[in-house]
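Reproduced below: input-v9.cif, with mmCIF, C-alpha atoms (C1' of nucleotides).
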data_coords
#
loop_
_atom_site.label_atom_id
_atom_site.label_comp_id
_atom_site.auth_asym_id
_atom_site.auth_seq_id
_atom_site.Cartn_x
_atom_site.Cartn_y
_atom_site.Cartn_z
CA MET A 1 111.07 88.52 94.53
CA GLY A 2 114.67 88.49 95.46
CA GLU A 3 116.23 86.62 92.53
CA THR A 4 117.86 89.48 90.61
CA PRO A 5 114.95 90.03 88.25
CA ASP A 6 116.37 91.75 85.20
CA THR A 7 120.11 91.25 85.16
CA SER A 8 120.04 88.98 82.15
CA THR A 9 123.15 90.58 80.71
CA ASP A 10 126.52 90.56 82.38
CA ALA A 11 126.38 94.11 83.64
CA PRO A 12 125.60 93.96 87.37
CA ASN A 13 123.77 97.22 87.51
CA SER A 14 122.66 100.40 85.76
CA GLN A 15 120.64 98.88 82.97
CA ASN A 16 117.09 100.02 82.49
CA ARG A 17 116.60 99.94 86.23
CA GLU A 18 113.20 101.25 87.20
CA ILE A 19 113.29 103.71 90.02
CA VAL A 20 110.05 103.49 91.90
CA CYS A 21 109.10 106.63 93.73
CA TYR A 22 108.14 106.10 97.33
CA CYS A 23 107.20 109.71 97.99
CA PRO A 24 103.41 109.35 97.84
CA LEU A 25 103.52 106.90 100.73
CA GLY A 26 104.11 109.85 102.98
CA GLY A 27 100.84 110.14 104.81
CA VAL A 28 100.28 106.62 106.07
CA MET A 29 103.91 105.71 106.59
CA ASP A 30 104.65 108.90 108.47
CA ILE A 31 101.98 108.00 110.97
CA LEU A 32 103.16 104.42 111.28
CA SER A 33 106.75 105.52 111.71
CA ARG A 34 106.05 107.26 114.97
CA ARG A 35 106.93 105.52 118.15
CA TYR A 36 104.53 102.75 119.26
CA ALA A 37 102.12 103.52 116.42
CA MET A 38 102.22 100.03 114.92
CA GLN A 39 102.12 98.38 118.32
CA VAL A 40 99.12 100.43 119.36
CA ILE A 41 97.18 99.27 116.31
CA CYS A 42 97.99 95.66 117.09
CA VAL A 43 97.27 95.96 120.79
CA VAL A 44 93.85 97.41 120.11
CA GLY A 45 93.31 94.75 117.48
CA ALA A 46 94.24 92.06 120.00
CA ILE A 47 92.15 93.10 122.96
CA GLY A 48 89.14 94.47 121.12
CA PRO A 49 87.62 97.62 122.55
CA ALA A 50 90.48 98.79 124.70
CA ARG A 51 90.56 101.33 127.48
CA TYR A 52 93.38 103.78 127.80
CA SER A 53 94.86 102.12 130.85
CA GLU A 54 94.76 98.70 129.20
CA ILE A 55 96.75 99.98 126.27
CA GLU A 56 99.14 101.66 128.64
CA ASP A 57 99.61 98.42 130.54
CA ALA A 58 100.33 96.45 127.39
CA PHE A 59 103.53 98.43 126.96
CA GLY A 60 106.25 98.38 129.50
CA GLY A 61 106.80 102.00 130.33
CA VAL A 62 105.42 104.22 127.62
CA SER A 63 104.95 107.80 128.70
CA SER A 64 101.35 108.88 128.92
CA SER A 65 101.99 111.99 126.86
CA THR A 66 103.42 110.04 123.96
CA LEU A 67 100.70 107.40 124.08
CA SER A 68 98.03 110.05 124.23
CA THR A 69 99.47 111.85 121.24
CA ARG A 70 99.72 108.61 119.30
CA LEU A 71 96.13 107.66 120.03
CA ASP A 72 94.93 111.07 118.92
CA GLU A 73 96.83 110.80 115.66
CA LEU A 74 95.51 107.32 114.97
CA VAL A 75 91.95 108.44 115.67
CA GLU A 76 92.44 111.49 113.49
CA ALA A 77 93.84 109.36 110.69
CA GLY A 78 90.79 107.10 110.84
CA TYR A 79 92.40 103.89 112.05
CA LEU A 80 90.96 104.01 115.56
CA SER A 81 87.60 105.02 116.91
CA ARG A 82 87.24 106.65 120.29
CA GLU A 83 84.14 106.36 122.42
CA GLN A 84 83.80 108.30 125.61
CA TYR A 85 81.23 107.36 128.25
CA ALA A 86 79.79 109.91 130.65
CA GLU A 87 80.73 108.03 133.79
CA ILE A 88 82.71 108.68 136.88
CA PRO A 89 85.51 107.69 136.89
CA PRO A 90 85.72 108.37 133.15
CA ARG A 91 85.78 105.57 130.64
CA VAL A 92 87.10 105.80 127.11
CA GLU A 93 87.25 102.93 124.68
CA TYR A 94 89.37 102.69 121.56
CA ASP A 95 88.66 100.24 118.78
CA LEU A 96 89.80 99.58 115.25
CA THR A 97 87.87 101.08 112.37
CA ALA A 98 87.53 99.21 109.09
CA SER A 99 90.75 100.82 107.87
CA GLY A 100 92.41 100.01 111.15
CA GLU A 101 91.55 96.35 110.82
CA GLN A 102 92.97 96.17 107.32
CA LEU A 103 96.11 97.76 108.66
CA CYS A 104 96.23 95.44 111.65
CA GLN A 105 96.02 92.38 109.44
CA ARG A 106 99.06 93.54 107.53
CA LEU A 107 100.90 94.64 110.65
CA ASP A 108 100.47 91.45 112.62
CA PRO A 109 102.99 89.37 110.63
CA ILE A 110 105.64 91.96 111.37
CA LEU A 111 104.93 92.08 115.07
CA GLU A 112 104.95 88.30 115.27
CA TRP A 113 108.17 88.13 113.36
CA ALA A 114 109.68 90.82 115.57
CA GLU A 115 108.70 88.79 118.59
CA GLU A 116 110.45 85.72 117.21
CA GLN A 117 113.55 87.72 116.45
CA GLU A 118 113.70 89.08 119.96
CA ALA A 119 113.03 85.69 121.48
CA GLY A 120 115.82 84.03 119.54
CA ARG A 121 118.33 86.69 120.35
CA VAL A 122 121.12 85.80 122.72
CA PRO A 123 121.90 88.79 124.92
CA GLY A 124 125.27 90.31 124.19
CA GLU A 125 125.68 88.60 120.83
CA ASP A 126 125.13 91.43 118.40
CA GLY A 127 127.86 93.64 119.80
CA THR A 128 125.88 96.75 120.58
CA MET B 1 98.78 93.86 134.86
CA GLY B 2 95.66 93.33 136.82
CA GLU B 3 92.15 94.34 136.19
CA THR B 4 88.92 94.05 138.07
CA PRO B 5 87.48 90.73 136.87
CA ASP B 6 84.07 91.20 138.43
CA THR B 7 82.63 94.15 136.56
CA SER B 8 80.32 91.97 134.52
CA THR B 9 77.29 94.04 135.40
CA ASP B 10 78.16 97.59 134.38
CA ALA B 11 80.64 97.03 131.58
CA PRO B 12 79.66 95.66 128.18
CA ASN B 13 82.97 93.88 127.73
CA SER B 14 85.81 92.79 130.01
CA GLN B 15 85.61 89.03 129.93
CA ASN B 16 88.74 87.30 131.07
CA ARG B 17 90.69 89.69 128.91
CA GLU B 18 94.27 88.69 128.31
CA ILE B 19 96.69 91.52 128.36
CA VAL B 20 99.56 90.72 126.05
CA CYS B 21 102.78 92.48 126.83
CA TYR B 22 104.34 94.21 123.86
CA CYS B 23 107.47 95.32 125.66
CA PRO B 24 109.91 92.72 124.23
CA LEU B 25 109.27 93.98 120.71
CA GLY B 26 111.46 96.93 121.49
CA GLY B 27 114.55 96.20 119.45
CA VAL B 28 113.16 95.49 116.00
CA MET B 29 110.21 97.84 116.21
CA ASP B 30 112.32 100.71 117.44
CA ILE B 31 114.46 100.43 114.35
CA LEU B 32 111.46 100.16 112.04
CA SER B 33 109.80 103.13 113.72
CA ARG B 34 112.48 105.52 112.62
CA ARG B 35 111.79 107.66 109.64
CA TYR B 36 112.05 105.97 106.23
CA ALA B 37 113.29 102.74 107.78
CA MET B 38 110.52 100.56 106.37
CA GLN B 39 110.62 102.28 103.02
CA VAL B 40 114.38 101.81 102.76
CA ILE B 41 114.01 98.07 103.29
CA CYS B 42 111.38 97.86 100.57
CA VAL B 43 113.28 100.08 98.15
CA VAL B 44 116.38 97.95 98.45
CA GLY B 45 114.22 94.85 98.12
CA ALA B 46 112.65 96.25 94.98
CA ILE B 47 115.73 97.36 93.06
CA GLY B 48 118.11 94.65 94.20
CA PRO B 49 121.63 95.77 94.94
CA ALA B 50 121.06 99.47 95.32
CA ARG B 51 123.51 102.33 95.29
CA TYR B 52 123.20 105.20 97.69
CA SER B 53 122.04 107.67 95.07
CA GLU B 54 119.42 105.25 93.76
CA ILE B 55 117.92 104.92 97.20
CA GLU B 56 118.07 108.67 97.62
CA ASP B 57 116.27 109.17 94.31
CA ALA B 58 113.50 106.76 95.27
CA PHE B 59 112.44 109.17 97.97
CA GLY B 60 111.30 112.64 97.24
CA GLY B 61 113.48 114.82 99.39
CA VAL B 62 115.03 112.82 102.17
CA SER B 63 117.95 114.54 103.83
CA SER B 64 121.27 112.82 103.26
CA SER B 65 122.16 112.82 106.92
CA THR B 66 118.98 111.04 107.88
CA LEU B 67 119.22 108.52 105.06
CA SER B 68 122.83 107.83 105.89
CA THR B 69 122.04 107.27 109.54
CA ARG B 70 119.14 104.99 108.62
CA LEU B 71 121.30 102.89 106.31
CA ASP B 72 123.96 102.55 108.98
CA GLU B 73 121.42 101.40 111.52
CA LEU B 74 119.90 98.89 109.14
CA VAL B 75 123.32 97.49 108.28
CA GLU B 76 124.22 97.35 111.95
CA ALA B 77 120.98 95.56 112.75
CA GLY B 78 121.72 92.96 110.10
CA TYR B 79 118.95 93.70 107.63
CA LEU B 80 121.15 95.26 104.98
CA SER B 81 124.58 94.41 103.67
CA ARG B 82 126.94 97.09 102.48
CA GLU B 83 129.61 96.51 99.87
CA GLN B 84 132.10 99.20 99.06
CA TYR B 85 134.17 99.10 95.87
CA ALA B 86 137.59 100.75 95.62
CA GLU B 87 136.70 102.92 92.65
CA ILE B 88 136.68 106.56 91.82
CA PRO B 89 134.06 107.95 91.99
CA PRO B 90 133.15 105.70 94.88
CA ARG B 91 130.57 102.97 94.55
CA VAL B 92 128.68 101.43 97.43
CA GLU B 93 125.98 98.83 97.09
CA TYR B 94 123.35 97.92 99.64
CA ASP B 95 121.39 94.71 99.53
CA LEU B 96 119.03 92.76 101.74
CA THR B 97 120.42 90.08 103.99
CA ALA B 98 118.42 86.93 104.72
CA SER B 99 116.80 88.69 107.68
CA GLY B 100 116.19 91.72 105.53
CA GLU B 101 114.34 89.68 102.95
CA GLN B 102 112.12 88.11 105.57
CA LEU B 103 111.35 91.57 106.82
CA CYS B 104 110.75 92.90 103.32
CA GLN B 105 108.23 90.17 102.56
CA ARG B 106 106.23 91.19 105.60
CA LEU B 107 106.63 94.89 104.95
CA ASP B 108 105.57 94.88 101.32
CA PRO B 109 101.84 94.34 101.98
CA ILE B 110 101.84 97.42 104.16
CA LEU B 111 103.60 99.59 101.63
CA GLU B 112 101.28 98.44 98.88
CA TRP B 113 98.27 99.08 101.04
CA ALA B 114 99.62 102.49 101.98
CA GLU B 115 100.00 103.27 98.30
CA GLU B 116 96.39 102.34 97.63
CA GLN B 117 95.20 104.45 100.52
CA GLU B 118 97.07 107.47 99.27
CA ALA B 119 95.90 106.94 95.73
CA GLY B 120 92.26 106.67 96.71
CA ARG B 121 92.27 109.62 99.03
CA VAL B 122 90.21 112.62 98.06
CA PRO B 123 91.74 115.78 99.52
CA GLY B 124 89.57 117.26 102.24
CA GLU B 125 87.35 114.25 102.63
CA ASP B 126 88.47 112.81 105.93
CA GLY B 127 86.62 115.30 108.10
CA THR B 128 89.30 117.10 110.07
"C1'" DG C 1 82.27 119.11 154.81
"C1'" DT C 2 86.67 117.74 153.74
"C1'" DT C 3 89.70 114.33 152.02
"C1'" DC C 4 90.49 110.22 149.11
"C1'" DG C 5 90.40 107.46 144.98
"C1'" DA C 6 89.84 106.31 140.20
"C1'" DT C 7 90.60 107.37 135.15
"C1'" DA C 8 92.18 109.76 131.23
"C1'" DC C 9 94.48 112.65 130.05
"C1'" DT C 10 97.76 117.79 129.97
"C1'" DT C 11 101.71 120.56 130.85
"C1'" DC C 12 106.60 121.23 131.49
"C1'" DG C 13 111.65 121.35 130.72
"C1'" DG C 14 115.23 118.74 128.94
"C1'" DA C 15 117.02 115.07 125.83
"C1'" DC C 16 117.01 112.97 121.51
"C1'" DT C 17 115.93 112.92 116.25
"C1'" DT C 18 115.46 115.06 111.93
"C1'" DG C 19 116.13 118.55 108.17
"C1'" DA C 20 118.62 121.75 105.17
"C1'" DC C 21 122.72 122.77 103.28
"C1'" DA C 22 127.61 123.13 102.84
"C1'" DG C 23 131.87 120.63 102.78
"C1'" DT C 24 135.30 116.43 102.08
"C1'" DA C 25 138.03 112.97 99.42
"C1'" DT C 26 139.76 111.05 95.03
"C1'" DA C 27 141.15 110.72 90.17
"C1'" DA C 28 139.88 110.99 85.57
"C1'" DA C 29 138.36 114.28 81.94
"C1'" DC C 30 138.76 118.82 79.89
"C1'" DG D 1 144.23 124.15 86.81
"C1'" DT D 2 139.38 123.42 86.95
"C1'" DT D 3 135.35 120.58 86.62
"C1'" DT D 4 132.72 116.34 87.51
"C1'" DA D 5 131.03 112.40 89.94
"C1'" DT D 6 129.77 109.68 94.31
"C1'" DA D 7 128.97 108.79 99.06
"C1'" DC D 8 128.89 110.43 102.52
"C1'" DT D 9 130.07 113.86 107.19
"C1'" DG D 10 129.51 118.30 109.92
"C1'" DT D 11 126.88 121.92 111.84
"C1'" DC D 12 123.08 124.15 113.61
"C1'" DA D 13 118.13 124.97 113.95
"C1'" DA D 14 113.62 122.91 114.35
"C1'" DG D 15 110.79 119.24 115.56
"C1'" DT D 16 109.66 115.15 118.50
"C1'" DC D 17 109.91 112.29 122.59
"C1'" DC D 18 110.53 111.38 127.53
"C1'" DG D 19 109.32 111.12 132.63
"C1'" DA D 20 107.28 113.34 136.29
"C1'" DA D 21 103.89 116.04 138.09
"C1'" DG D 22 99.48 118.29 137.70
"C1'" DT D 23 94.27 118.69 136.16
"C1'" DA D 24 89.34 117.54 136.06
"C1'" DT D 25 85.27 115.09 137.72
"C1'" DC D 26 82.19 113.15 141.26
"C1'" DG D 27 81.02 109.41 144.54
"C1'" DA D 28 82.51 107.32 148.68
"C1'" DA D 29 84.76 107.41 153.01
"C1'" DC D 30 85.75 109.69 157.28
#
Starting from the coordinates I provided, produce the structure as structure tokens.
Amino acid sequence: MGETPDTSTDAPNSQNREIVCYCPLGGVMDILSRRYAMQVICVVGAIGPARYSEIEDAFGGVSSSTLSTRLDELVEAGYLSREQYAEIPPRVEYDLTASGEQLCQRLDPILEWAEEQEAGRVPGEDGT
Amino acid sequence: MGETPDTSTDAPNSQNREIVCYCPLGGVMDILSRRYAMQVICVVGAIGPARYSEIEDAFGGVSSSTLSTRLDELVEAGYLSREQYAEIPPRVEYDLTASGEQLCQRLDPILEWAEEQEAGRVPGEDGT
DNA sequence: GTTCGATACTTCGGACTTGACAGTATAAAC
DNA sequence: GTTTATACTGTCAAGTCCGAAGTATCGAAC
């Protein structure tokens, strides 16, 4: 994609342009668009069965309330599984479900790319 | 990041687990985690140079203030270009930059997968 | 027997983000 | 003079996120 697919005539726009509707994406994308959602999937994918505190540590300073909410949503949506052991102190392990792994595979390229972008960025260059 | 490395007896996992830090992803992921951000990239990637109203139409009922903010951020971040023509009524065209296209390539698999998930979902099946 | 420690969360008030809807600017068409 | 078209901006209410502090459990320490 990317090479102006159907502009064979000289008009630069407004030919029989197909408008694709992105509305039905709602469900999944709404979940992924919440803060840390994509990173949580990839963190759990990276370190296998992951305990709450391990996930928390993988981020710099995420608030526990936000992380907890995110984990709940991801479990509810079927991308993560949650296993609680009857031990003291308590132990809870999160892991990817089959859906979660499919998602993680598609998410990883983005996270890797994001990492490269951040690494190659010279501080103070983009004029924030 | 430190964890007890000698719990090999009571825990079924916890080898020399490497904790990867996901903090530096901040910049890019924060932008992508805002509402409609990923979809906007893919919509513009799909319909080439895209006018504001075309992007608006591709979504069901996005609010204009949110979409406008999102476009500004994406332009500011260097993923979209914005060209304004001195015409009446006004015409503005958004397109992917080189960075934007790289991002779009990595985003497309997710959007496609999300579409499949939504399509194959039977209402009331996921056990709430 | 009282305090301490460990883990995985909740709860709280305030800050930030989003949504709905109305309004702005311009010039041609009627 | 009024209408039409586009690409936004403004305003206010509702929703979401944040950090800090608190909760629950039970064994171990004192």
Give me the result of the PyMOL selection byres ((chain D) within 7 of (chain B)) on this file, residue by residue, as a list in words.
->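 With the shown file as input, the PyMOL selection byres ((chain D) within 7 of (chain B)) matches DA5, DT6 and DA7 of chain D.
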Now that the selection is made, can you save its residues with C-alpha atoms (C1' of nucleotides) as a JSON list (two decimals), keeping the file's coordinate frame?
[["chain", "number", "residue", "atom", "x", "y", "z"],
["D", 5, "DA", "C1'", 131.03, 112.40, 89.94],
["D", 6, "DT", "C1'", 129.77, 109.68, 94.31],
["D", 7, "DA", "C1'", 128.97, 108.79, 99.06]]
Would you list the residues near (86.6, 117.7, 154.6), meaning any protein, DNA or RNA residue with an atom at most 12 Å from that point in file coordinates, counting only C-alpha atoms (C1' of nucleotides), as a PyMOL selection string?
-> (chain C and resi 1-4) or (chain D and resi 29-30)
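Residues matched by the PyMOL selection byres ((chain D and resi 24) around 12) in this structure: Ile88, Pro89 and Pro90 of chain A; DA6, DT7, DA8, DC9 and DT10 of chain C; DG22, DT23, DT25 and DC26 of chain D.
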Quote the spacing between CA of Gln105 (chain B) and CA of Ala77 (chain B) in Å to one decimal place.
-> 17.2 Å
Specify as a list of chain:residue names each residue included when the PyMOL selection byres ((chain C) within 10 of (chain B)) is applied to this file.
->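 Here the PyMOL selection byres ((chain C) within 10 of (chain B)) matches C:DT17, C:DT18, C:DG19, C:DA20, C:DC21, C:DA25, C:DT26, C:DA27, C:DA28.
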Could you give me, as number ranges by chain, the residues within 12 Å of region 26-33 of chain B, counting all atoms listed in the file and dropping anything in the same chain fewer than 6 positions from it?
-> A: 29-40, 59-62, 107, 110-119, 121, 123, 126, 128; B: 39-42, 69-79, 99-100, 103-104, 107; C: 17
Atom-to-atom span, CA of Pro109 (chain A) and C1' of DC17 (chain D), Å |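 Separation between CA of Pro109 (chain A) and C1' of DC17 (chain D): 26.8 Å.
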Around the point (115.6, 116.1, 129.7) in the file's coordinates, collect all residues with an atom within 12 Å, using all atoms listed in the file, and return them as a list in words.
->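 Residues with an atom close enough to that point: DC12, DG13, DG14, DA15 and DC16 of chain C; DC17, DC18, DG19 and DA20 of chain D.
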Atom-to-atom span, C1' of DG27 (chain D) and C1' of DT11 (chain C), Å |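 Computing it gives 27.2 Å between the two atoms.
Among B:Ala58, B:Thr97, B:Asp108, B:Leu80, the residue with the shortest atom-to-atom distance to chain A, counting only C-alpha atoms, is B:Ala58.
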Could you rebuild region 62-76 of chain A with N, CA and C atoms and give it back as a PDB file, in the frame of the given file?
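Writing the result to result.pdb gives the following:
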ATOM      1  N   VAL A  62     105.645 103.110 128.547  1.00  0.00           N
ATOM      2  CA  VAL A  62     105.420 104.220 127.620  1.00  0.00           C
ATOM      3  C   VAL A  62     104.965 105.438 128.433  1.00  0.00           C
ATOM      4  N   SER A  63     105.389 106.603 128.000  1.00  0.00           N
ATOM      5  CA  SER A  63     104.950 107.800 128.700  1.00  0.00           C
ATOM      6  C   SER A  63     103.532 108.155 128.262  1.00  0.00           C
ATOM      7  N   SER A  64     102.750 108.630 129.223  1.00  0.00           N
ATOM      8  CA  SER A  64     101.350 108.880 128.920  1.00  0.00           C
ATOM      9  C   SER A  64     101.186 109.979 127.875  1.00  0.00           C
ATOM     10  N   SER A  65     102.114 110.920 127.854  1.00  0.00           N
ATOM     11  CA  SER A  65     101.990 111.990 126.860  1.00  0.00           C
ATOM     12  C   SER A  65     102.183 111.453 125.456  1.00  0.00           C
ATOM     13  N   THR A  66     103.177 110.600 125.276  1.00  0.00           N
ATOM     14  CA  THR A  66     103.420 110.040 123.960  1.00  0.00           C
ATOM     15  C   THR A  66     102.274 109.134 123.532  1.00  0.00           C
ATOM     16  N   LEU A  67     101.812 108.297 124.427  1.00  0.00           N
ATOM     17  CA  LEU A  67     100.700 107.400 124.080  1.00  0.00           C
ATOM     18  C   LEU A  67      99.454 108.192 123.725  1.00  0.00           C
ATOM     19  N   SER A  68      99.204 109.229 124.484  1.00  0.00           N
ATOM     20  CA  SER A  68      98.030 110.050 124.230  1.00  0.00           C
ATOM     21  C   SER A  68      98.109 110.710 122.857  1.00  0.00           C
ATOM     22  N   THR A  69      99.272 111.239 122.551  1.00  0.00           N
ATOM     23  CA  THR A  69      99.470 111.850 121.240  1.00  0.00           C
ATOM     24  C   THR A  69      99.272 110.821 120.122  1.00  0.00           C
ATOM     25  N   ARG A  70      99.827 109.649 120.315  1.00  0.00           N
ATOM     26  CA  ARG A  70      99.720 108.610 119.300  1.00  0.00           C
ATOM     27  C   ARG A  70      98.271 108.201 119.077  1.00  0.00           C
ATOM     28  N   LEU A  71      97.539 108.038 120.146  1.00  0.00           N
ATOM     29  CA  LEU A  71      96.130 107.660 120.030  1.00  0.00           C
ATOM     30  C   LEU A  71      95.355 108.742 119.278  1.00  0.00           C
ATOM     31  N   ASP A  72      95.604 109.974 119.619  1.00  0.00           N
ATOM     32  CA  ASP A  72      94.930 111.070 118.920  1.00  0.00           C
ATOM     33  C   ASP A  72      95.208 111.027 117.424  1.00  0.00           C
ATOM     34  N   GLU A  73      96.461 110.831 117.070  1.00  0.00           N
ATOM     35  CA  GLU A  73      96.830 110.800 115.660  1.00  0.00           C
ATOM     36  C   GLU A  73      96.146 109.648 114.931  1.00  0.00           C
ATOM     37  N   LEU A  74      96.113 108.509 115.582  1.00  0.00           N
ATOM     38  CA  LEU A  74      95.510 107.320 114.970  1.00  0.00           C
ATOM     39  C   LEU A  74      93.997 107.488 114.822  1.00  0.00           C
ATOM     40  N   VAL A  75      93.373 108.151 115.782  1.00  0.00           N
ATOM     41  CA  VAL A  75      91.950 108.440 115.670  1.00  0.00           C
ATOM     42  C   VAL A  75      91.721 109.427 114.525  1.00  0.00           C
ATOM     43  N   GLU A  76      92.533 110.457 114.529  1.00  0.00           N
ATOM     44  CA  GLU A  76      92.440 111.490 113.490  1.00  0.00           C
ATOM     45  C   GLU A  76      92.619 110.909 112.088  1.00  0.00           C
TER      46      GLU A  76
END
